[in-house]
Each structure stands twice: as C-alpha cells, then as structure tokens.
>>> print(open('target_34.pdb').read())   # PDB, C-alpha atoms, pLDDT in the B column
ATOM      1  CA  MET A 629     172.482  61.999 125.849  1.00 48.00           C
ATOM      2  CA  ARG A 630     172.990  65.625 126.740  1.00 49.00           C
ATOM      3  CA  PRO A 631     172.275  67.010 123.196  1.00 49.00           C
ATOM      4  CA  ALA A 632     168.693  65.724 123.423  1.00 46.00           C
ATOM      5  CA  VAL A 633     167.874  68.047 126.339  1.00 43.00           C
ATOM      6  CA  PRO A 634     167.975  71.303 124.293  1.00 43.00           C
ATOM      7  CA  LEU A 635     165.980  69.632 121.524  1.00 38.00           C
ATOM      8  CA  LEU A 636     163.322  68.474 124.003  1.00 38.00           C
ATOM      9  CA  ALA A 637     163.175  71.934 125.544  1.00 37.00           C
ATOM     10  CA  THR A 638     162.731  73.486 122.096  1.00 36.00           C
ATOM     11  CA  LEU A 639     159.952  71.018 121.237  1.00 34.00           C
ATOM     12  CA  ALA A 640     158.203  71.693 124.542  1.00 35.00           C
ATOM     13  CA  ILE A 641     158.319  75.456 123.956  1.00 39.00           C
ATOM     14  CA  ALA A 642     157.003  74.999 120.408  1.00 36.00           C
ATOM     15  CA  LEU A 643     154.115  72.835 121.637  1.00 36.00           C
ATOM     16  CA  VAL A 644     153.174  75.357 124.318  1.00 38.00           C
ATOM     17  CA  ALA A 645     153.349  78.227 121.826  1.00 39.00           C
ATOM     18  CA  THR A 646     151.167  76.321 119.374  1.00 37.00           C
ATOM     19  CA  ALA A 647     148.616  75.512 122.065  1.00 42.00           C
ATOM     20  CA  CYS A 648     148.518  79.141 123.149  1.00 44.00           C
ATOM     21  CA  SER A 649     148.105  80.454 119.613  1.00 42.00           C
ATOM     22  CA  ASP A 650     145.295  77.962 118.937  1.00 48.00           C
ATOM     23  CA  ASP A 651     143.549  79.153 122.103  1.00 52.00           C
ATOM     24  CA  ASP A 652     144.062  82.797 121.075  1.00 57.00           C
ATOM     25  CA  ALA A 653     142.517  82.105 117.638  1.00 56.00           C
ATOM     26  CA  GLN A 654     139.455  80.615 119.299  1.00 66.00           C
ATOM     27  CA  ARG A 655     139.229  83.678 121.534  1.00 81.00           C
ATOM     28  CA  SER A 656     138.985  86.224 118.734  1.00 89.00           C
ATOM     29  CA  ASP A 657     136.254  88.833 118.724  1.00 91.00           C
ATOM     30  CA  GLY A 658     134.735  87.126 115.675  1.00 92.00           C
ATOM     31  CA  ALA A 659     134.498  83.730 117.381  1.00 94.00           C
ATOM     32  CA  TYR A 660     133.207  85.386 120.547  1.00 95.00           C
ATOM     33  CA  CYS A 661     130.529  87.353 118.721  1.00 95.00           C
ATOM     34  CA  THR A 662     129.439  84.236 116.853  1.00 95.00           C
ATOM     35  CA  GLU A 663     129.100  82.322 120.129  1.00 95.00           C
ATOM     36  CA  VAL A 664     127.145  85.200 121.681  1.00 95.00           C
ATOM     37  CA  GLY A 665     124.833  85.282 118.660  1.00 94.00           C
ATOM     38  CA  ASN A 666     124.325  81.528 118.759  1.00 95.00           C
ATOM     39  CA  ARG A 667     123.403  81.653 122.451  1.00 94.00           C
ATOM     40  CA  LEU A 668     121.606  84.994 122.644  1.00 93.00           C
ATOM     41  CA  ALA A 669     118.207  83.538 123.548  1.00 92.00           C
ATOM     42  CA  ASP A 670     119.705  81.740 126.554  1.00 91.00           C
ATOM     43  CA  LEU A 671     121.615  84.886 127.533  1.00 92.00           C
ATOM     44  CA  ASN A 672     118.648  87.248 127.296  1.00 91.00           C
ATOM     45  CA  THR A 673     115.364  85.368 127.482  1.00 89.00           C
ATOM     46  CA  PRO A 674     115.981  81.893 128.837  1.00 88.00           C
ATOM     47  CA  ALA A 675     113.063  79.514 129.234  1.00 87.00           C
ATOM     48  CA  LEU A 676     113.542  78.064 132.715  1.00 86.00           C
ATOM     49  CA  ALA A 677     110.860  75.531 133.517  1.00 88.00           C
ATOM     50  CA  THR A 678     112.937  72.493 134.478  1.00 89.00           C
ATOM     51  CA  ASP A 679     116.335  71.564 135.892  1.00 88.00           C
ATOM     52  CA  ASP A 680     117.362  70.582 132.355  1.00 91.00           C
ATOM     53  CA  ASP A 681     116.492  74.102 131.170  1.00 91.00           C
ATOM     54  CA  ILE A 682     118.661  75.593 133.906  1.00 91.00           C
ATOM     55  CA  GLU A 683     121.573  73.343 132.967  1.00 93.00           C
ATOM     56  CA  ARG A 684     121.166  74.202 129.264  1.00 93.00           C
ATOM     57  CA  VAL A 685     121.244  77.920 130.043  1.00 93.00           C
ATOM     58  CA  LEU A 686     124.271  77.530 132.316  1.00 94.00           C
ATOM     59  CA  ASP A 687     125.991  75.597 129.524  1.00 95.00           C
ATOM     60  CA  SER A 688     125.286  78.511 127.168  1.00 94.00           C
ATOM     61  CA  TRP A 689     126.808  81.010 129.599  1.00 95.00           C
ATOM     62  CA  ARG A 690     129.830  78.724 130.053  1.00 95.00           C
ATOM     63  CA  ALA A 691     130.265  78.335 126.277  1.00 96.00           C
ATOM     64  CA  VAL A 692     130.243  82.088 125.710  1.00 95.00           C
ATOM     65  CA  ALA A 693     132.695  82.552 128.596  1.00 96.00           C
ATOM     66  CA  ALA A 694     134.981  79.919 127.062  1.00 96.00           C
ATOM     67  CA  ALA A 695     134.994  81.858 123.779  1.00 96.00           C
ATOM     68  CA  ALA A 696     135.558  85.244 125.433  1.00 96.00           C
ATOM     69  CA  PRO A 697     138.697  87.089 124.393  1.00 96.00           C
ATOM     70  CA  LEU A 698     141.334  87.354 127.091  1.00 94.00           C
ATOM     71  CA  ALA A 699     140.488  91.042 127.629  1.00 93.00           C
ATOM     72  CA  VAL A 700     137.094  90.114 129.078  1.00 95.00           C
ATOM     73  CA  GLN A 701     137.673  86.527 130.226  1.00 95.00           C
ATOM     74  CA  PRO A 702     138.125  87.339 133.952  1.00 96.00           C
ATOM     75  CA  ASP A 703     134.855  89.272 133.908  1.00 96.00           C
ATOM     76  CA  TRP A 704     133.071  86.377 132.230  1.00 96.00           C
ATOM     77  CA  GLU A 705     134.386  84.038 134.944  1.00 96.00           C
ATOM     78  CA  VAL A 706     132.749  86.240 137.586  1.00 95.00           C
ATOM     79  CA  VAL A 707     129.488  86.360 135.631  1.00 95.00           C
ATOM     80  CA  VAL A 708     129.392  82.578 135.195  1.00 94.00           C
ATOM     81  CA  ASP A 709     130.186  82.057 138.884  1.00 94.00           C
ATOM     82  CA  ASN A 710     127.227  84.300 139.724  1.00 92.00           C
ATOM     83  CA  MET A 711     124.946  82.426 137.329  1.00 91.00           C
ATOM     84  CA  GLU A 712     125.974  79.139 138.931  1.00 92.00           C
ATOM     85  CA  THR A 713     125.319  80.617 142.377  1.00 90.00           C
ATOM     86  CA  ALA A 714     121.909  81.844 141.218  1.00 89.00           C
ATOM     87  CA  ALA A 715     121.061  78.337 140.037  1.00 89.00           C
ATOM     88  CA  THR A 716     121.491  77.058 143.599  1.00 89.00           C
ATOM     89  CA  VAL A 717     119.350  79.661 145.366  1.00 90.00           C
ATOM     90  CA  ASP A 718     116.603  78.339 147.578  1.00 91.00           C
ATOM     91  CA  PRO A 719     114.011  81.144 147.747  1.00 91.00           C
ATOM     92  CA  ASN A 720     112.863  79.798 151.130  1.00 94.00           C
ATOM     93  CA  ASP A 721     116.354  80.070 152.628  1.00 94.00           C
ATOM     94  CA  PRO A 722     117.252  83.657 153.582  1.00 93.00           C
ATOM     95  CA  GLU A 723     120.979  82.817 153.757  1.00 93.00           C
ATOM     96  CA  SER A 724     120.870  81.423 150.229  1.00 91.00           C
ATOM     97  CA  VAL A 725     119.072  84.510 148.937  1.00 93.00           C
ATOM     98  CA  GLN A 726     121.526  86.794 150.744  1.00 93.00           C
ATOM     99  CA  ARG A 727     124.519  84.895 149.314  1.00 91.00           C
ATOM    100  CA  MET A 728     123.156  85.513 145.820  1.00 91.00           C
ATOM    101  CA  ALA A 729     122.452  89.180 146.536  1.00 92.00           C
ATOM    102  CA  ASP A 730     126.008  89.637 147.819  1.00 92.00           C
ATOM    103  CA  ALA A 731     127.466  87.867 144.785  1.00 90.00           C
ATOM    104  CA  ALA A 732     125.350  89.970 142.414  1.00 90.00           C
ATOM    105  CA  ARG A 733     126.503  93.202 144.034  1.00 92.00           C
ATOM    106  CA  ALA A 734     130.144  92.135 144.017  1.00 92.00           C
ATOM    107  CA  GLY A 735     129.889  90.957 140.402  1.00 92.00           C
ATOM    108  CA  GLU A 736     128.116  94.011 139.021  1.00 93.00           C
ATOM    109  CA  PRO A 737     131.292  95.726 137.729  1.00 94.00           C
ATOM    110  CA  ALA A 738     132.313  92.549 135.870  1.00 94.00           C
ATOM    111  CA  ALA A 739     128.820  92.148 134.410  1.00 93.00           C
ATOM    112  CA  THR A 740     128.866  95.773 133.265  1.00 93.00           C
ATOM    113  CA  ARG A 741     132.218  95.234 131.530  1.00 94.00           C
ATOM    114  CA  VAL A 742     130.905  92.069 129.812  1.00 94.00           C
ATOM    115  CA  ILE A 743     127.804  93.895 128.606  1.00 94.00           C
ATOM    116  CA  SER A 744     129.797  96.901 127.375  1.00 93.00           C
ATOM    117  CA  TYR A 745     132.485  94.803 125.699  1.00 95.00           C
ATOM    118  CA  THR A 746     129.880  92.671 123.922  1.00 94.00           C
ATOM    119  CA  TYR A 747     127.893  95.704 122.807  1.00 94.00           C
ATOM    120  CA  GLU A 748     131.007  97.520 121.527  1.00 93.00           C
ATOM    121  CA  ARG A 749     132.588  94.528 119.777  1.00 94.00           C
ATOM    122  CA  CYS A 750     129.551  92.567 118.611  1.00 94.00           C
ATOM    123  CA  SER A 751     126.794  95.215 118.436  1.00 93.00           C
ATOM    124  CA  VAL A 752     124.718  92.831 120.521  1.00 91.00           C
ATOM    125  CA  LEU A 753     123.001  93.652 123.761  1.00 92.00           C
ATOM    126  CA  ILE A 754     123.102  91.221 126.652  1.00 90.00           C
ATOM    127  CA  GLY A 755     120.313  92.271 128.974  1.00 82.00           C
ATOM    128  CA  THR A 756     117.880  95.116 128.543  1.00 75.00           C
ATOM    129  CA  GLU A 757     119.969  98.198 129.258  1.00 72.00           C
ATOM    130  CA  THR A 758     122.068  99.663 126.463  1.00 71.00           C
ATOM    131  CA  PRO A 759     125.463 100.481 127.962  1.00 66.00           C
ATOM    132  CA  VAL A 760     126.484 104.086 128.143  1.00 60.00           C
ATOM    133  CA  THR A 761     129.522 104.654 126.010  1.00 55.00           C
ATOM    134  CA  THR A 762     131.622 107.665 126.642  1.00 53.00           C
ATOM    135  CA  THR A 763     134.135 109.440 124.501  1.00 51.00           C
ATOM    136  CA  PRO A 764     137.253 110.464 126.386  1.00 52.00           C
ATOM    137  CA  LEU A 765     137.537 114.186 126.904  1.00 52.00           C
ATOM    138  CA  GLN A 766     139.903 115.704 124.370  1.00 56.00           C
ATOM    139  CA  VAL A 767     142.028 118.325 126.058  1.00 58.00           C
ATOM    140  CA  PRO A 768     143.768 120.675 123.644  1.00 59.00           C
ATOM    141  CA  PRO A 769     147.500 121.011 124.168  1.00 60.00           C
ATOM    142  CA  THR A 770     148.623 124.041 126.102  1.00 62.00           C
ATOM    143  CA  VAL A 771     150.801 126.639 124.465  1.00 64.00           C
ATOM    144  CA  ASP A 772     153.727 127.970 126.462  1.00 63.00           C
ATOM    145  CA  GLU A 773     154.017 131.704 126.215  1.00 57.00           C
TER
END
>>> encode(input="target_34.pdb", output="structure tokens")
Amino acid sequence: MRPAVPLLATLAIALVATACSDDDAQRSDGAYCTEVGNRLADLNTPALATDDDIERVLDSWRAVAAAAPLAVQPDWEVVVDNMETAATVDPNDPESVQRMADAARAGEPAATRVISYTYERCSVLIGTETPVTTTPLQVPPTVDE
C-alpha cells in the first residue's frame, strides 16, 4: 500500500498545478481587457434606477475583478469592497455616509492603481480622469576619474 502514497501525492500536485495554470490563463491581460470592454458601460456610466440595476452593476464590477491579472487583483478586491459598501449607504444615516467616505479615502490608492493598470494595459479609461503616466528618470552612469 505504501507505493500508492507517492503516486497520489504526484497526482495531487499535478491537479493543483493544472488548476493554477487554468486560473492564470483566465487572468491574462487579454481576457481582462475583454472583460473590461464588455462591462465598460457599467464601470463608467451605470444606469442605477432600481435595486436590480445596482446588483447588475455590482456583478459587472465583480466579473472584471474576477478576470483581473494577479498583479492588480488585490486592488480590484478593495475597489469591489468599496462598491459593495457604497451600495449599502443610507443617505439619511450620517454613520453610513461616513463609513463610505472613510472606505473611499482608504481605497483611493487601490482605485488609482486599477485605473492606471487598465489604461496602460487595455488603453481603456475607467472613470473620467486620464491617469498620469510617468517615465522613470534616466540617470546617466557616473564616470570615475
């Protein structure tokens, strides 16, 4: 019975590796950019008249986050959390409004990274502000005399 243990371990490792590579393929820039393009109206100009509209828009944000490459996935998680928090805001409840304001401030760096990443990789703008892209300063090598 002992010889089966290494074989099972090898099969388990192969299954995990296959699952990870499938997930990585779905998280390519191409798949991400396609998902962003397919959901751009909900990302930029959502029509929010009913609870169903809100849920549809949240589903769009979640779908794009699920397709996000690993480099930007943690930032997308923050953005989606903030969108879900925003969906629960009661404008007549100051604590609810403050909770959203605090979440928005805390999530701003992640949102900026999502916007920049999407603009750089997909040439698509989420929001209304084009991100500022900078070129790293090129310092010439010093010559020892």
>>> residues_around(input="target_34.pdb", residues="A:Ala732", least_positions_apart="6", cutoff="10 Å", atoms="all atoms listed in the file", output="VMD selection string")
chain A and resid 706 to 707 709 to 711 713 to 714 726 738 to 739
>>> write_last_selection(input="target_34.pdb", atoms="C-alpha atoms", output="mmCIF file, in the frame of the given file")
data_model
loop_
_atom_site.group_PDB
_atom_site.id
_atom_site.type_symbol
_atom_site.label_atom_id
_atom_site.label_comp_id
_atom_site.auth_asym_id
_atom_site.auth_seq_id
_atom_site.Cartn_x
_atom_site.Cartn_y
_atom_site.Cartn_z
ATOM 1 C CA VAL A 706 132.749 86.240 137.586
ATOM 2 C CA VAL A 707 129.488 86.360 135.631
ATOM 3 C CA ASP A 709 130.186 82.057 138.884
ATOM 4 C CA ASN A 710 127.227 84.300 139.724
ATOM 5 C CA MET A 711 124.946 82.426 137.329
ATOM 6 C CA THR A 713 125.319 80.617 142.377
ATOM 7 C CA ALA A 714 121.909 81.844 141.218
ATOM 8 C CA GLN A 726 121.526 86.794 150.744
ATOM 9 C CA ALA A 738 132.313 92.549 135.870
ATOM 10 C CA ALA A 739 128.820 92.148 134.410
#
>>> closest_residue(input="target_34.pdb", among="A:Ala693, A:Arg741, A:Thr673, A:Asp681", to="A:Ala659", atoms="all atoms listed in the file")
A:Ala693
>>> atom_distance(input="target_34.pdb", atom1="atom CA of A:Gly658", atom2="atom CA of A:Pro737")
23.9 Å
>>> resolve_selection(input="target_34.pdb", expression="the PyMOL selection byres ((chain A and resi 747) around 12)", output="list of chain:residue names")
A:Asp657, A:Tyr660, A:Cys661, A:Val664, A:Gly665, A:Thr740, A:Arg741, A:Val742, A:Ile743, A:Ser744, A:Tyr745, A:Thr746, A:Glu748, A:Arg749, A:Cys750, A:Ser751, A:Val752, A:Leu753, A:Ile754, A:Gly755, A:Thr756, A:Glu757, A:Thr758, A:Pro759, A:Val760, A:Thr761
>>> residues_around(input="target_34.pdb", residues="A:Glu663", least_positions_apart="5", cutoff="8 Å", atoms="only C-alpha atoms", output="list in words")
Ala691, Val692 and Ala695 of chain A
>>> atom_distance(input="target_34.pdb", atom1="atom CA of A:Ala675", atom2="atom CA of A:Pro719")
18.6 Å
>>> closest_residue(input="target_34.pdb", among="A:Gly735, A:Glu723, A:Thr716, A:Trp704", to="A:Asp679", atoms="only C-alpha atoms")
A:Thr716
>>> closest_residue(input="target_34.pdb", among="A:Leu676, A:Ala729, A:Ala694, A:Ala669", to="A:Val708", atoms="only C-alpha atoms")
A:Ala694
>>> resolve_selection(input="target_34.pdb", expression="the PyMOL selection byres ((chain A and resi 697) around 8)", output="ChimeraX atom specification")
/A:652,655-657,660,695-696,698-701
>>> atom_distance(input="target_34.pdb", atom1="atom CA of A:Glu705", atom2="atom CA of A:Leu686")
12.3 Å
>>> closest_residue(input="target_34.pdb", among="A:Asp718, A:Glu712, A:Asn666, A:Val685", to="A:Ala731", atoms="only C-alpha atoms")
A:Glu712
>>> axis_aligned_box(input="target_34.pdb", around="stretch 731-748 of chain A", padding_each_side="3 Å", output="AutoDock Vina command-line options")
--center_x 128.9 --center_y 92.7 --center_z 133.2 --size_x 13.1 --size_y 15.7 --size_z 29.3
>>> decode(input="target_34.pdb", residues="stretch 662-694 of chain A", atoms="N, CA and C atoms", output="CSV table (one decimal), in the first residue's frame")
chain,number,residue,atom,x,y,z
A,662,THR,N,-10.8,42.3,-22.3
A,662,THR,CA,-12.0,41.9,-23.0
A,662,THR,C,-13.2,42.1,-22.0
A,663,GLU,N,-13.0,41.6,-20.7
A,663,GLU,CA,-14.0,41.8,-19.7
A,663,GLU,C,-14.3,43.2,-19.4
A,664,VAL,N,-13.2,44.0,-19.3
A,664,VAL,CA,-13.4,45.5,-19.1
A,664,VAL,C,-14.2,46.1,-20.2
A,665,GLY,N,-13.9,45.7,-21.5
A,665,GLY,CA,-14.6,46.3,-22.6
A,665,GLY,C,-16.0,45.8,-22.6
A,666,ASN,N,-16.3,44.6,-22.3
A,666,ASN,CA,-17.7,44.1,-22.2
A,666,ASN,C,-18.5,44.8,-21.1
A,667,ARG,N,-17.9,45.3,-20.1
A,667,ARG,CA,-18.6,45.8,-19.0
A,667,ARG,C,-18.4,47.3,-18.8
A,668,LEU,N,-17.8,48.0,-19.8
A,668,LEU,CA,-17.4,49.4,-19.7
A,668,LEU,C,-18.6,50.3,-19.3
A,669,ALA,N,-19.7,50.1,-19.9
A,669,ALA,CA,-20.9,51.0,-19.6
A,669,ALA,C,-21.2,50.9,-18.1
A,670,ASP,N,-21.2,49.7,-17.5
A,670,ASP,CA,-21.5,49.6,-16.1
A,670,ASP,C,-20.3,50.1,-15.2
A,671,LEU,N,-19.1,50.1,-15.7
A,671,LEU,CA,-18.0,50.7,-15.0
A,671,LEU,C,-18.0,52.2,-15.0
A,672,ASN,N,-18.4,52.8,-16.1
A,672,ASN,CA,-18.3,54.2,-16.3
A,672,ASN,C,-19.6,55.0,-16.2
A,673,THR,N,-20.6,54.5,-16.8
A,673,THR,CA,-21.9,55.2,-16.8
A,673,THR,C,-23.0,54.3,-16.5
A,674,PRO,N,-23.1,53.8,-15.3
A,674,PRO,CA,-24.1,52.8,-14.9
A,674,PRO,C,-25.5,53.5,-14.8
A,675,ALA,N,-26.5,52.9,-15.3
A,675,ALA,CA,-27.9,53.3,-15.1
A,675,ALA,C,-28.4,52.7,-13.8
A,676,LEU,N,-28.6,53.5,-12.8
A,676,LEU,CA,-29.0,53.0,-11.5
A,676,LEU,C,-30.3,53.5,-11.0
A,677,ALA,N,-31.4,52.9,-11.5
A,677,ALA,CA,-32.7,53.3,-11.1
A,677,ALA,C,-33.4,52.4,-10.1
A,678,THR,N,-33.0,51.1,-10.2
A,678,THR,CA,-33.6,50.1,-9.3
A,678,THR,C,-32.6,49.3,-8.6
A,679,ASP,N,-33.0,48.5,-7.6
A,679,ASP,CA,-32.2,47.6,-6.9
A,679,ASP,C,-31.6,46.6,-7.9
A,680,ASP,N,-32.3,46.2,-8.9
A,680,ASP,CA,-31.8,45.2,-9.9
A,680,ASP,C,-30.7,45.9,-10.7
A,681,ASP,N,-30.8,47.2,-11.0
A,681,ASP,CA,-29.7,47.9,-11.7
A,681,ASP,C,-28.4,47.9,-10.8
A,682,ILE,N,-28.6,48.1,-9.5
A,682,ILE,CA,-27.4,48.2,-8.6
A,682,ILE,C,-26.8,46.8,-8.6
A,683,GLU,N,-27.6,45.7,-8.5
A,683,GLU,CA,-27.0,44.4,-8.5
A,683,GLU,C,-26.3,44.0,-9.8
A,684,ARG,N,-26.9,44.5,-10.9
A,684,ARG,CA,-26.3,44.2,-12.2
A,684,ARG,C,-24.9,44.9,-12.3
A,685,VAL,N,-24.8,46.1,-11.8
A,685,VAL,CA,-23.6,46.9,-11.9
A,685,VAL,C,-22.6,46.3,-10.9
A,686,LEU,N,-23.0,45.9,-9.7
A,686,LEU,CA,-22.1,45.2,-8.8
A,686,LEU,C,-21.5,43.9,-9.5
A,687,ASP,N,-22.4,43.2,-10.1
A,687,ASP,CA,-22.0,41.9,-10.8
A,687,ASP,C,-21.0,42.2,-11.9
A,688,SER,N,-21.1,43.4,-12.6
A,688,SER,CA,-20.1,43.7,-13.6
A,688,SER,C,-18.8,44.0,-12.9
A,689,TRP,N,-18.8,44.8,-11.8
A,689,TRP,CA,-17.5,45.1,-11.1
A,689,TRP,C,-16.9,43.8,-10.6
A,690,ARG,N,-17.7,42.9,-10.1
A,690,ARG,CA,-17.2,41.6,-9.6
A,690,ARG,C,-16.6,40.8,-10.8
A,691,ALA,N,-17.2,40.8,-11.9
A,691,ALA,CA,-16.8,40.0,-13.0
A,691,ALA,C,-15.4,40.5,-13.5
A,692,VAL,N,-15.3,41.8,-13.6
A,692,VAL,CA,-14.0,42.4,-14.0
A,692,VAL,C,-12.9,42.0,-13.0
A,693,ALA,N,-13.3,42.1,-11.7
A,693,ALA,CA,-12.3,41.8,-10.7
A,693,ALA,C,-11.9,40.3,-10.8
A,694,ALA,N,-12.8,39.5,-11.1
A,694,ALA,CA,-12.5,38.0,-11.2
A,694,ALA,C,-11.6,37.8,-12.4
